[in-house]
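Asks: Just dropping this structure here.
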Amino acid sequence: MPTNAAPDLAALLPPLVRLPVHVQGEAGLPPEGIEREDVLAAEVPVALVFNGISHAVMMATPQDIEDFALGFALSEGILDAVGDCRGIEAEAVDATAAGLPEGMPGIEVRLEISTRAFERLKGRRRSLAGRTGCGVCGVESFAALDLTPVPLPTPGWLAQVDLPTVLRGFGQMPPRQRLNAEAGAIHAAAWATPDGTVSDVLEDVGRHNALDKLIGRLAREGRLGTPGFVLLSSRGSHELVRKCARVGIPAMATISAPTAMGVQMAKASGVRLWGLCRAPRGVLYTP
């Protein structure tokens with residue numbers, strides 16, 4: 001699948017931003033505090049445009065943007081398969097051109113998708129204004145909130161995703177969460193094989209975005225559908241479970257607790273759900 005990221009994207013919109021701050025109350029500092037440089041996570045509006053029509057604007061970390069766009073399209077049911085995407089092009093848009101406040105540029109991601117997928121998208125299109133950490137922004141009615149479970153078959157290896165395996169995976173994540181190590185406030189989604197070996201870690205200020213980036217990475221590399229499970233540095237909310245189920249991922253584990261609806265969705269979808277995974281403890285909410 002062809003992609004084309006503008007060469008100035010990373011230079012114009014780095015994932016981390018350094019800003020001067022005034023620190024007070026820290027041990028060893030004078031009462032008046034000191035001036036220091038702090039590293040913060042970048043958060044920029046990302047417009048997702050399908051066949052020339054803008055569908056959603058999400059706030060995201062400007063890194064792995066093509067993975068994010070493809071993962072979003074798959075996990076939200078816009079595309080049935082990676083082959084429905086003919087190409088992706090990402091471009092930085094300065095604040096003036098985007099109609100945004102000065103100093104707040106954005107990113108436009110243009111996806112060319114199959115006629116079948118586009119016709120379906122137009123049939124259910126709605127305005128969606130995304131915010132960090134929000135999974136249902138822009139839904140105008142209960143009817144528009146799609147909570148229909150996506151039942152998954154139970155693979156033979158699923159029972160291998162036990163507590164030692166899950167904790168083994170989480171133990172490999174911190175050294176690979178490079179953005180969070182510098183700035184904090186950044187979620188991660190990781191892919192692990194059934195024995196708990198982590199192969200990919202994708203980061204973003206939004207937990208949904210991090211998962212979409214991971215899904216997009218797996219899809220672009222032809223690994224979506226291979227045995228493995230997801231690890232998330234977040235709570236297990238219903239939309240994260242649903243995203244996994246929609247793309248055929250039968251197991252996920254989270255550092256924090258799930259929501260009650262997250263557990264309901266996991267049960268209805270056949271997703272093996274671990275939560276509160278902090279060594280040596282973990283809670284299995286669905287078998």
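Residue numbers start at 1 in each chain; chains themselves are named A, B, ... in the order of the structure tokens; ligands are numbered from 1 in the order shown.
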List as JSON lines every residue of stretch 166-260 of chain A that is in contact with stretch 66-79 of chain A, defined as an atom at most 10 Å from one of its atoms (using only C-alpha atoms), together with the nearest atom pair and the distance in Å rounded to one decimal, sorted by chain and then rising number.
Replies:
{"residue": "A:Leu202", "atom": "CA", "partner": "A:Asp67", "partner_atom": "CA", "distance": 9.5}
{"residue": "A:Asp204", "atom": "CA", "partner": "A:Phe68", "partner_atom": "CA", "distance": 9.6}
{"residue": "A:His208", "atom": "CA", "partner": "A:Phe72", "partner_atom": "CA", "distance": 8.8}
{"residue": "A:Asn209", "atom": "CA", "partner": "A:Phe68", "partner_atom": "CA", "distance": 6.5}
{"residue": "A:Ala210", "atom": "CA", "partner": "A:Phe68", "partner_atom": "CA", "distance": 7.6}
{"residue": "A:Leu211", "atom": "CA", "partner": "A:Gly71", "partner_atom": "CA", "distance": 7.8}
{"residue": "A:Asp212", "atom": "CA", "partner": "A:Gly71", "partner_atom": "CA", "distance": 4.3}
{"residue": "A:Lys213", "atom": "CA", "partner": "A:Phe68", "partner_atom": "CA", "distance": 4.0}
{"residue": "A:Leu214", "atom": "CA", "partner": "A:Asp67", "partner_atom": "CA", "distance": 7.1}
{"residue": "A:Ile215", "atom": "CA", "partner": "A:Gly71", "partner_atom": "CA", "distance": 4.8}
{"residue": "A:Gly216", "atom": "CA", "partner": "A:Gly71", "partner_atom": "CA", "distance": 3.7}
{"residue": "A:Arg217", "atom": "CA", "partner": "A:Asp67", "partner_atom": "CA", "distance": 5.1}
{"residue": "A:Leu218", "atom": "CA", "partner": "A:Asp67", "partner_atom": "CA", "distance": 8.5}
{"residue": "A:Ala219", "atom": "CA", "partner": "A:Gly71", "partner_atom": "CA", "distance": 7.6}
{"residue": "A:Arg220", "atom": "CA", "partner": "A:Asp67", "partner_atom": "CA", "distance": 7.5}
{"residue": "A:Glu239", "atom": "CA", "partner": "A:Ser75", "partner_atom": "CA", "distance": 9.6}
{"residue": "A:Leu240", "atom": "CA", "partner": "A:Ser75", "partner_atom": "CA", "distance": 9.2}
{"residue": "A:Arg242", "atom": "CA", "partner": "A:Ser75", "partner_atom": "CA", "distance": 8.0}
{"residue": "A:Lys243", "atom": "CA", "partner": "A:Ser75", "partner_atom": "CA", "distance": 4.8}
{"residue": "A:Cys244", "atom": "CA", "partner": "A:Ser75", "partner_atom": "CA", "distance": 7.2}
{"residue": "A:Ala245", "atom": "CA", "partner": "A:Ser75", "partner_atom": "CA", "distance": 8.5}
{"residue": "A:Arg246", "atom": "CA", "partner": "A:Ser75", "partner_atom": "CA", "distance": 5.9}
{"residue": "A:Val247", "atom": "CA", "partner": "A:Ser75", "partner_atom": "CA", "distance": 6.1}
{"residue": "A:Gly248", "atom": "CA", "partner": "A:Ser75", "partner_atom": "CA", "distance": 9.7}
Asks: What residues in stretch 143-198 of chain A get the DSSP label strand (DSSP E or B)? Please answer as a list in words.
Replies: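 Filtering stretch 143-198 of chain A down to strand (DSSP E or B) leaves His187, Ala188, Ala189, Ala190, Trp191, Ala192 and Val198 of chain A.
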Asks: Those residues with N, CA, C and O atoms, as a short mmCIF file (atom, residue, chain, number, x, y, z; two decimals), in the first residue's frame please?
Replies:
data_model
loop_
_atom_site.label_atom_id
_atom_site.label_comp_id
_atom_site.auth_asym_id
_atom_site.auth_seq_id
_atom_site.Cartn_x
_atom_site.Cartn_y
_atom_site.Cartn_z
N HIS A 187 0.33 7.57 26.37
CA HIS A 187 -0.07 6.17 26.44
C HIS A 187 0.72 5.33 25.44
O HIS A 187 1.32 5.86 24.50
N ALA A 188 0.68 4.03 25.65
CA ALA A 188 1.35 3.10 24.74
C ALA A 188 0.45 1.90 24.48
O ALA A 188 -0.30 1.46 25.36
N ALA A 189 0.53 1.39 23.26
CA ALA A 189 -0.11 0.14 22.89
C ALA A 189 0.97 -0.77 22.33
O ALA A 189 1.75 -0.36 21.47
N ALA A 190 1.04 -1.99 22.84
CA ALA A 190 2.09 -2.91 22.43
C ALA A 190 1.47 -4.18 21.85
O ALA A 190 0.35 -4.57 22.20
N TRP A 191 2.23 -4.82 20.96
CA TRP A 191 1.83 -6.10 20.39
C TRP A 191 2.76 -7.18 20.91
O TRP A 191 3.98 -7.02 20.89
N ALA A 192 2.16 -8.25 21.42
CA ALA A 192 2.95 -9.35 21.96
C ALA A 192 2.51 -10.66 21.32
O ALA A 192 1.32 -10.88 21.05
N VAL A 198 7.21 -8.95 23.24
CA VAL A 198 6.73 -7.71 22.64
C VAL A 198 7.55 -7.38 21.40
O VAL A 198 8.78 -7.35 21.45
#
Asks: Please provide the set of residues having any atom within 9 Å of A:Pro155, restricted to only C-alpha atoms, with same-chain residues fewer than 3 positions apart removed, written as JSON, numbers by chain.
Replies: {"A": [152, 158, 159, 227, 250]}
Asks: Go through A:His238, A:Leu13, A:Arg272, A:His55 one by one, measure the shortest atom-to-atom distance of each to A:Ala260 using only C-alpha atoms, and give the residue with the smallest value.
Replies: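 Closest residue, counting only C-alpha atoms: A:His238.
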Asks: At a cut-off of 8 Å, using only C-alpha atoms, what residues contact A:Leu16? Leave out same-chain residues fewer than 3 positions from it and give the result as a list in words.
Replies: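 Contacts, in chain order: Val39, Leu40, Ala41, Ala42, Leu179 and Ala183 of chain A.
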Asks: Find the residues around A:Leu284 up to 12 Å (only C-alpha atoms counted), leave out those fewer than 3 positions away in its own chain, and share them as a count of residues only.
Replies: 24
Asks: Which residues are near A:Leu111? Cut-off 7 Å, only C-alpha atoms, ignore same chain within fewer than 6 positions. Put them as a PyMOL selection string.
Replies: chain A and resi 49-51+85+87-89
Asks: Given the choices A:Ser54, A:Thr96, A:Thr61, A:Ser237, which gets closest to A:Val109 if the distance is worked out from only C-alpha atoms?
Replies: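 So, comparing all the options, the nearest one is A:Ser54.
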Asks: So which one's closest to A:Ala92, A:Ile113, A:Val230, A:Ile107, A:Ala27? Using only C-alpha atoms, please.
Replies: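 Ranked by minimum distance to A:Ala92, first place goes to A:Ile107.
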Asks: From the list A:Gly206, A:Ile53, A:His22, A:Thr165, which residue is nearest A:Glu119 when using only C-alpha atoms?
Replies: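 Nearest candidate to A:Glu119 out of A:Gly206, A:Ile53, A:His22, A:Thr165: A:Ile53.
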